[in-house]
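Listing of work.pdb; format and content: PDB, C-alpha atoms.
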ATOM      1  CA  MET E   1      15.122  15.485  -5.205
ATOM      2  CA  ALA E   2      15.374  17.227  -8.567
ATOM      3  CA  ALA E   3      19.047  17.917  -7.896
ATOM      4  CA  ASP E   4      19.654  14.235  -7.082
ATOM      5  CA  LEU E   5      18.044  13.166 -10.349
ATOM      6  CA  ARG E   6      20.256  15.609 -12.261
ATOM      7  CA  LEU E   7      23.349  14.225 -10.503
ATOM      8  CA  VAL E   8      22.377  10.693 -11.474
ATOM      9  CA  ALA E   9      21.772  11.669 -15.098
ATOM     10  CA  ARG E  10      25.219  13.279 -15.368
ATOM     11  CA  ASP E  11      27.115  10.216 -14.116
ATOM     12  CA  PRO E  12      27.271   7.355 -16.684
ATOM     13  CA  LEU E  13      27.710   4.703 -13.984
ATOM     14  CA  LEU E  14      24.791   5.922 -11.895
ATOM     15  CA  ALA E  15      22.591   6.604 -14.913
ATOM     16  CA  ILE E  16      22.610   2.962 -16.045
ATOM     17  CA  MET E  17      21.949   1.434 -12.609
ATOM     18  CA  PRO E  18      18.202   2.221 -12.383
ATOM     19  CA  PHE E  19      17.697   0.334 -15.656
ATOM     20  CA  ALA E  20      19.772  -2.705 -14.635
ATOM     21  CA  PRO E  21      16.885  -4.547 -12.883
ATOM     22  CA  PHE E  22      14.721  -4.270 -16.008
ATOM     23  CA  LEU E  23      17.535  -5.541 -18.213
ATOM     24  CA  ALA E  24      18.109  -8.437 -15.809
ATOM     25  CA  ALA E  25      14.392  -9.274 -15.706
ATOM     26  CA  ALA E  26      14.110  -9.215 -19.513
ATOM     27  CA  ALA E  27      17.249 -11.330 -19.949
ATOM     28  CA  LEU E  28      16.155 -13.911 -17.386
ATOM     29  CA  ARG E  29      12.689 -14.136 -18.927
ATOM     30  CA  PHE E  30      14.269 -15.712 -22.005
ATOM     31  CA  ALA E  31      17.374 -17.312 -20.519
ATOM     32  CA  LEU E  32      15.909 -19.084 -17.484
ATOM     33  CA  PRO E  33      13.460 -21.314 -19.396
ATOM     34  CA  LEU E  34      16.271 -22.350 -21.738
ATOM     35  CA  LEU E  35      18.520 -23.101 -18.773
ATOM     36  CA  SER E  36      15.693 -24.995 -17.094
ATOM     37  CA  GLY E  37      15.255 -27.196 -20.164
ATOM     38  CA  PHE E  38      18.973 -27.924 -20.321
ATOM     39  CA  VAL E  39      19.207 -28.769 -16.603
ATOM     40  CA  GLU E  40      16.080 -30.924 -16.783
ATOM     41  CA  SER E  41      17.439 -32.956 -19.664
ATOM     42  CA  ALA E  42      20.726 -33.483 -17.823
ATOM     43  CA  THR E  43      19.542 -34.025 -14.254
ATOM     44  CA  GLY E  44      15.752 -34.282 -14.264
ATOM     45  CA  PHE E  45      15.473 -31.155 -12.101
ATOM     46  CA  ARG E  46      13.099 -28.512 -13.486
ATOM     47  CA  ILE E  47      14.093 -24.973 -12.482
ATOM     48  CA  MET E  48      10.844 -23.442 -13.733
ATOM     49  CA  ASP E  49       8.938 -25.370 -11.067
ATOM     50  CA  HIS E  50      10.455 -22.795  -8.702
ATOM     51  CA  ALA E  51       9.632 -19.763 -10.823
ATOM     52  CA  ASN E  52       8.000 -17.960  -7.884
ATOM     53  CA  ILE E  53      11.326 -17.651  -6.065
ATOM     54  CA  ALA E  54      12.867 -16.189  -9.225
ATOM     55  CA  ARG E  55      10.045 -13.627  -9.306
ATOM     56  CA  ILE E  56      10.802 -12.640  -5.710
ATOM     57  CA  VAL E  57      14.537 -12.219  -6.330
ATOM     58  CA  ILE E  58      13.861 -10.085  -9.411
ATOM     59  CA  THR E  59      11.358  -7.952  -7.487
ATOM     60  CA  LEU E  60      14.043  -7.272  -4.869
ATOM     61  CA  PHE E  61      16.681  -6.247  -7.442
ATOM     62  CA  PRO E  62      15.690  -2.547  -7.745
ATOM     63  CA  GLY E  63      16.191  -1.989  -4.019
ATOM     64  CA  MET E  64      19.835  -3.002  -4.319
ATOM     65  CA  PHE E  65      20.578  -1.068  -7.488
ATOM     66  CA  LEU E  66      18.838   2.135  -6.418
ATOM     67  CA  GLY E  67      20.460   1.762  -3.006
ATOM     68  CA  MET E  68      23.786   1.748  -4.843
ATOM     69  CA  VAL E  69      22.847   4.974  -6.636
ATOM     70  CA  SER E  70      21.779   6.694  -3.440
ATOM     71  CA  GLY E  71      24.823   5.366  -1.586
ATOM     72  CA  PHE E  72      27.245   6.686  -4.196
ATOM     73  CA  LEU E  73      25.596  10.116  -3.958
ATOM     74  CA  LEU E  74      26.078  10.026  -0.187
ATOM     75  CA  LEU E  75      29.693   9.012  -0.694
ATOM     76  CA  ASP E  76      30.282  11.940  -3.046
ATOM     77  CA  ASP E  77      28.686  14.397  -0.630
ATOM     78  CA  ARG E  78      30.702  12.981   2.247
ATOM     79  CA  ASP E  79      34.015  13.109   0.368
ATOM     80  CA  ASP E  80      33.337  16.602  -1.011
ATOM     81  CA  GLY E  81      32.412  17.905   2.424
ATOM     82  CA  VAL E  82      28.899  18.833   1.294
ATOM     83  CA  SER E  83      27.294  16.779   4.075
ATOM     84  CA  MET E  84      28.809  19.151   6.643
ATOM     85  CA  TYR E  85      26.421  21.862   5.455
ATOM     86  CA  TRP E  86      23.218  19.830   5.504
ATOM     87  CA  GLY E  87      22.564  20.873   9.082
ATOM     88  CA  ALA E  88      22.245  24.498   7.943
ATOM     89  CA  THR E  89      19.449  23.725   5.472
ATOM     90  CA  PRO E  90      15.796  24.273   6.476
ATOM     91  CA  VAL E  91      15.118  20.530   6.712
ATOM     92  CA  GLY E  92      18.376  19.736   8.518
ATOM     93  CA  ARG E  93      20.626  16.740   7.982
ATOM     94  CA  THR E  94      17.970  14.170   8.833
ATOM     95  CA  GLY E  95      15.409  15.730   6.511
ATOM     96  CA  TYR E  96      17.897  16.007   3.681
ATOM     97  CA  ILE E  97      18.899  12.348   3.887
ATOM     98  CA  ALA E  98      15.282  11.239   4.380
ATOM     99  CA  ALA E  99      14.240  13.075   1.208
ATOM    100  CA  ARG E 100      17.005  11.414  -0.790
ATOM    101  CA  LEU E 101      16.343   7.931   0.563
ATOM    102  CA  GLY E 102      12.587   8.411   0.239
ATOM    103  CA  LEU E 103      12.904   9.351  -3.422
ATOM    104  CA  PHE E 104      14.922   6.281  -4.350
ATOM    105  CA  SER E 105      12.821   3.997  -2.126
ATOM    106  CA  ALA E 106       9.666   5.101  -3.947
ATOM    107  CA  MET E 107      11.411   4.485  -7.255
ATOM    108  CA  ALA E 108      12.506   1.024  -6.053
ATOM    109  CA  PHE E 109       8.939   0.085  -5.096
ATOM    110  CA  ALA E 110       7.568   1.018  -8.506
ATOM    111  CA  ALA E 111      10.533  -0.574 -10.277
ATOM    112  CA  GLY E 112      10.096  -3.789  -8.284
ATOM    113  CA  LEU E 113       6.498  -4.134  -9.455
ATOM    114  CA  ALA E 114       7.559  -3.416 -13.034
ATOM    115  CA  ALA E 115      10.456  -5.867 -12.942
ATOM    116  CA  ALA E 116       8.181  -8.627 -11.627
ATOM    117  CA  GLY E 117       5.814  -8.017 -14.519
ATOM    118  CA  ILE E 118       8.608  -7.975 -17.087
ATOM    119  CA  SER E 119       9.998 -11.293 -15.841
ATOM    120  CA  GLY E 120       6.658 -13.043 -16.214
ATOM    121  CA  PHE E 121       7.785 -15.728 -13.764
ATOM    122  CA  GLY E 122       5.618 -17.492 -11.249
ATOM    123  CA  THR E 123       2.089 -16.628 -10.228
ATOM    124  CA  ALA E 124       1.185 -12.987 -10.753
ATOM    125  CA  SER E 125      -0.341 -11.534  -7.597
ATOM    126  CA  LEU E 126      -0.547  -7.815  -6.889
ATOM    127  CA  ILE E 127      -0.615  -8.369  -3.129
ATOM    128  CA  MET E 128       2.436 -10.636  -3.206
ATOM    129  CA  ASP E 129       4.356  -8.383  -5.590
ATOM    130  CA  ALA E 130       3.482  -5.264  -3.564
ATOM    131  CA  GLY E 131       4.607  -6.858  -0.285
ATOM    132  CA  VAL E 132       7.909  -8.053  -1.746
ATOM    133  CA  ALA E 133       8.460  -4.720  -3.523
ATOM    134  CA  GLY E 134       7.793  -2.927  -0.229
ATOM    135  CA  ILE E 135      10.501  -4.921   1.529
ATOM    136  CA  GLY E 136      12.736  -4.332  -1.490
ATOM    137  CA  ALA E 137      12.160  -0.578  -1.258
ATOM    138  CA  LEU E 138      13.410  -0.648   2.337
ATOM    139  CA  GLN E 139      16.684  -2.080   1.064
ATOM    140  CA  VAL E 140      17.467   1.286  -0.538
ATOM    141  CA  PRO E 141      18.388   2.924   2.800
ATOM    142  CA  PHE E 142      20.073  -0.311   3.878
ATOM    143  CA  PHE E 143      22.487  -0.457   0.931
ATOM    144  CA  SER E 144      22.847   3.319   0.765
ATOM    145  CA  LEU E 145      23.770   3.820   4.419
ATOM    146  CA  PHE E 146      26.013   0.756   4.410
ATOM    147  CA  LEU E 147      28.053   2.231   1.573
ATOM    148  CA  ALA E 148      28.186   5.680   3.129
ATOM    149  CA  ALA E 149      29.196   4.275   6.516
ATOM    150  CA  PHE E 150      31.841   1.741   5.504
ATOM    151  CA  ALA E 151      33.141   2.463   1.989
ATOM    152  CA  ALA E 152      36.091   4.815   1.573
ATOM    153  CA  ASN E 153      35.314   5.582  -2.084
ATOM    154  CA  LYS E 154      33.293   4.357  -5.075
ATOM    155  CA  VAL E 155      35.804   1.669  -6.000
ATOM    156  CA  GLU E 156      35.671   0.200  -2.508
ATOM    157  CA  GLY E 157      31.910   0.658  -2.586
ATOM    158  CA  LEU E 158      31.599  -1.469  -5.719
ATOM    159  CA  ALA E 159      33.672  -4.196  -4.096
ATOM    160  CA  LEU E 160      31.462  -4.129  -0.997
ATOM    161  CA  LEU E 161      28.322  -4.282  -3.103
ATOM    162  CA  LYS E 162      29.575  -7.325  -4.993
ATOM    163  CA  ALA E 163      29.927  -9.086  -1.651
ATOM    164  CA  MET E 164      26.569  -7.796  -0.402
ATOM    165  CA  SER E 165      24.722  -8.874  -3.549
ATOM    166  CA  VAL E 166      24.634 -12.385  -2.091
ATOM    167  CA  LEU E 167      21.845 -11.083   0.183
ATOM    168  CA  ASP E 168      19.496 -11.159  -2.791
ATOM    169  CA  MET E 169      19.864 -14.936  -2.633
ATOM    170  CA  ALA E 170      18.552 -15.000   0.961
ATOM    171  CA  PRO E 171      15.030 -15.936  -0.259
ATOM    172  CA  LEU E 172      16.452 -19.334  -1.257
ATOM    173  CA  ALA E 173      16.687 -20.108   2.475
ATOM    174  CA  VAL E 174      12.972 -20.972   2.433
ATOM    175  CA  TYR E 175      14.059 -24.303   0.970
ATOM    176  CA  LEU E 176      16.287 -25.043   3.953
ATOM    177  CA  LYS E 177      15.121 -27.186   6.829
ATOM    178  CA  PHE E 178      14.778 -25.776  10.306
ATOM    179  CA  PRO E 179      17.085 -24.843  12.084
ATOM    180  CA  LEU E 180      19.382 -24.149   9.081
ATOM    181  CA  ARG E 181      17.092 -21.400   7.843
ATOM    182  CA  LEU E 182      17.698 -19.497  11.098
ATOM    183  CA  VAL E 183      20.859 -18.170   9.423
ATOM    184  CA  ALA E 184      18.690 -16.093   7.059
ATOM    185  CA  TRP E 185      16.219 -14.755   9.635
ATOM    186  CA  PRO E 186      18.132 -11.487  10.335
ATOM    187  CA  PHE E 187      17.848 -10.475   6.682
ATOM    188  CA  PRO E 188      14.675  -8.848   5.284
ATOM    189  CA  GLN E 189      15.108 -10.535   1.899
ATOM    190  CA  TYR E 190      14.355 -13.887   3.537
ATOM    191  CA  TRP E 191      11.105 -12.576   5.004
ATOM    192  CA  ALA E 192      10.039 -11.436   1.549
ATOM    193  CA  ALA E 193      10.062 -15.090   0.458
ATOM    194  CA  GLU E 194       8.440 -16.216   3.702
ATOM    195  CA  PHE E 195       5.687 -13.659   3.079
ATOM    196  CA  ALA E 196       5.091 -15.093  -0.390
ATOM    197  CA  PHE E 197       5.315 -18.791   0.488
ATOM    198  CA  GLY E 198       4.470 -19.072   4.171
ATOM    199  CA  GLY E 199       5.545 -22.136   6.113
ATOM    200  CA  TYR E 200       7.003 -20.825   9.354
ATOM    201  CA  ALA E 201       5.063 -17.551   9.605
ATOM    202  CA  SER E 202       1.778 -16.133   8.441
ATOM    203  CA  PRO E 203       1.953 -13.710   5.498
ATOM    204  CA  LEU E 204       1.204 -10.744   7.765
ATOM    205  CA  GLY E 205       3.724 -11.935  10.344
ATOM    206  CA  ALA E 206       6.428 -12.435   7.718
ATOM    207  CA  LEU E 207       5.743  -9.019   6.182
ATOM    208  CA  SER E 208       5.915  -7.416   9.631
ATOM    209  CA  LEU E 209       9.209  -9.151  10.391
ATOM    210  CA  GLY E 210      10.580  -8.067   7.022
ATOM    211  CA  VAL E 211       9.747  -4.450   7.831
ATOM    212  CA  LEU E 212      11.043  -4.679  11.403
ATOM    213  CA  THR E 213      14.366  -6.245  10.423
ATOM    214  CA  SER E 214      14.757  -3.579   7.732
ATOM    215  CA  ILE E 215      14.116  -0.795  10.241
ATOM    216  CA  ALA E 216      16.570  -2.341  12.705
ATOM    217  CA  TRP E 217      19.318  -2.476  10.061
ATOM    218  CA  ILE E 218      18.554   1.068   8.900
ATOM    219  CA  ALA E 219      18.732   2.430  12.462
ATOM    220  CA  PHE E 220      22.045   0.667  13.074
ATOM    221  CA  LEU E 221      23.583   1.844   9.800
ATOM    222  CA  ALA E 222      22.274   5.395  10.249
ATOM    223  CA  LEU E 223      24.122   5.533  13.568
ATOM    224  CA  LYS E 224      27.316   4.251  11.941
ATOM    225  CA  TYR E 225      26.972   6.753   9.103
ATOM    226  CA  ARG E 226      26.447   9.644  11.506
ATOM    227  CA  LYS E 227      29.587   8.701  13.430
ATOM    228  CA  ARG E 228      31.522   8.526  10.147
ATOM    229  CA  VAL E 229      30.344  11.964   9.035
ATOM    230  CA  ASP E 230      30.804  13.602  12.449
TER     231      ASP E 230
END

Would you write the structure of this file as structure tokens?
Amino acid sequence: MAADLRLVARDPLLAIMPFAPFLAAAALRFALPLLSGFVESATGFRIMDHANIARIVITLFPGMFLGMVSGFLLLDDRDDGVSMYWGATPVGRTGYIAARLGLFSAMAFAAGLAAAGISGFGTASLIMDAGVAGIGALQVPFFSLFLAAFAANKVEGLALLKAMSVLDMAPLAVYLKFPLRLVAWPFPQYWAAEFAFGGYASPLGALSLGVLTSIAWIAFLALKYRKRVD
């Protein structure tokens, strides 16, 4: 874990990514109310009436960005051939990857809570923020393994992540009518919003589904990554 942190600190691109969610939260804290006032004067629609959904999206941000960091480290190890030697370490390949993903997942959970507080949007609730941040933390292995399994290099990885960033908008599906919202059900980010708002599932049920869908994606991507490395 200490070695991973040193690797991140030495790479300018990776070093800035853990701070990106905080910068986004701080920027939106000032920009979104201004935008809401402008939109309201033009259309009558008040964005800040939906501030809770903005809080959820911001709380999920660290999972994506720290997943990018972890994924790029996996890409480097794969391209440099380092991953071939993980099996010879005392913890083995699985333990090595689990330690890396666990480190960045823990960081994403703490960063999600901090980003929610910095944004100041919506209704502050430790239980809600912790549940959403927990689902966000599980996105670290999702994004990380996706990059390591499908990207050929960092440039291709950045392109993939730009496309995948649309998943952070999945919570908006709570505003869709049934059955349109079925499109978002396979994605944990949707269940984070369902956990916070309810409607079609109890909070505990939505949180459980968010965790289960995350685990299912992680298991699938771990298998793809293992085939790529082998």

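Distances here use only C-alpha atoms; by that measure, the residue among E:Phe197, E:Phe109, E:Phe72, E:Phe104 closest to Ala152 of chain E is E:Phe72.
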
Worksheet item: Of the residues E:Ile127, E:Phe45, E:Met64, E:Gly102, which is the one nearest to Ser165 of chain E, using only C-alpha atoms?
Response: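 Answer, going by the shortest atom-to-atom distance: E:Met64.
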
Fill in: Reference answer for the PyMOL selection byres ((chain E and resi 121) around 12), as an MDAnalysis selection string
chainID E and resid 25:26 28:33 47:59 115:120 122:125 129

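Going from atom CA of Ala192 of chain E over to atom CA of Val132 of chain E, you cover 5.2 Å.
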
Discussion item. List the spatial neighbours of Ala108 of chain E as an MDAnalysis selection string - criterion: any atom at most 6 Å away, only C-alpha atoms, same-chain residues fewer than 4 positions off excluded.
Written reply: chainID E and resid 62:63 112 137

Worksheet item: On this structure, which residues satisfy the PyMOL selection byres ((chain E and resi 146) around 10), written as a list in words?
Response: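 On the file shown, the PyMOL selection byres ((chain E and resi 146) around 10) covers Gly67, Met68, Gly71, Val140, Pro141, Phe142, Phe143, Ser144, Leu145, Leu147, Ala148, Ala149, Phe150, Ala151, Gly157, Leu160, Leu161, Met164, Trp217, Ile218, Phe220, Leu221, Ala222, Lys224 and Tyr225 of chain E.
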
Keeping C-alpha atoms, export the residues of the selection given above as a compact mmCIF listing (two decimals), keeping the file's coordinate frame.
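Writing the result to again.txt gives the following:
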# COMPACT_ATOMS: atom_id res chain seq x y z
CA GLY E 67 20.46 1.76 -3.01
CA MET E 68 23.79 1.75 -4.84
CA GLY E 71 24.82 5.37 -1.59
CA VAL E 140 17.47 1.29 -0.54
CA PRO E 141 18.39 2.92 2.80
CA PHE E 142 20.07 -0.31 3.88
CA PHE E 143 22.49 -0.46 0.93
CA SER E 144 22.85 3.32 0.76
CA LEU E 145 23.77 3.82 4.42
CA LEU E 147 28.05 2.23 1.57
CA ALA E 148 28.19 5.68 3.13
CA ALA E 149 29.20 4.28 6.52
CA PHE E 150 31.84 1.74 5.50
CA ALA E 151 33.14 2.46 1.99
CA GLY E 157 31.91 0.66 -2.59
CA LEU E 160 31.46 -4.13 -1.00
CA LEU E 161 28.32 -4.28 -3.10
CA MET E 164 26.57 -7.80 -0.40
CA TRP E 217 19.32 -2.48 10.06
CA ILE E 218 18.55 1.07 8.90
CA PHE E 220 22.04 0.67 13.07
CA LEU E 221 23.58 1.84 9.80
CA ALA E 222 22.27 5.40 10.25
CA LYS E 224 27.32 4.25 11.94
CA TYR E 225 26.97 6.75 9.10

Counting all atoms listed in the file, give me one row per residue of segment 23-142 of chain E with an atom at most 8 Å from an atom of segment 177-190 of chain E, showing the shortest contact pair and its distance in Å to one decimal, sorted by chain then residue number, as a tab-separated table.
residue	atom	partner	partner_atom	distance
E:Leu60	CA	E:Gln189	CA	7.6
E:Ile135	CA	E:Pro188	CA	6.9
E:Gly136	CA	E:Gln189	CA	7.5

Fill in: Two-atom distance - atom CA of Ser214 of chain E, atom CA of Ala201 of chain E (Å)
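These atoms are spaced 17.1 Å apart.
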
Worksheet item: Which value, in Å to one decimal, gives the distance between atom CA of Ile97 of chain E and atom CA of Met1 of chain E?
Response: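 Here the two named atoms are 10.3 Å from each other.
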
Box for segment 120-128 of chain E: with edges along x, y and z, all listed atoms inside and 8 Å added on each side, what are the centre and edge lengths in Å to one decimal, as JSON?
{"center_x": 3.6, "center_y": -12.7, "center_z": -9.7, "size_x": 24.4, "size_y": 25.7, "size_z": 29.1}
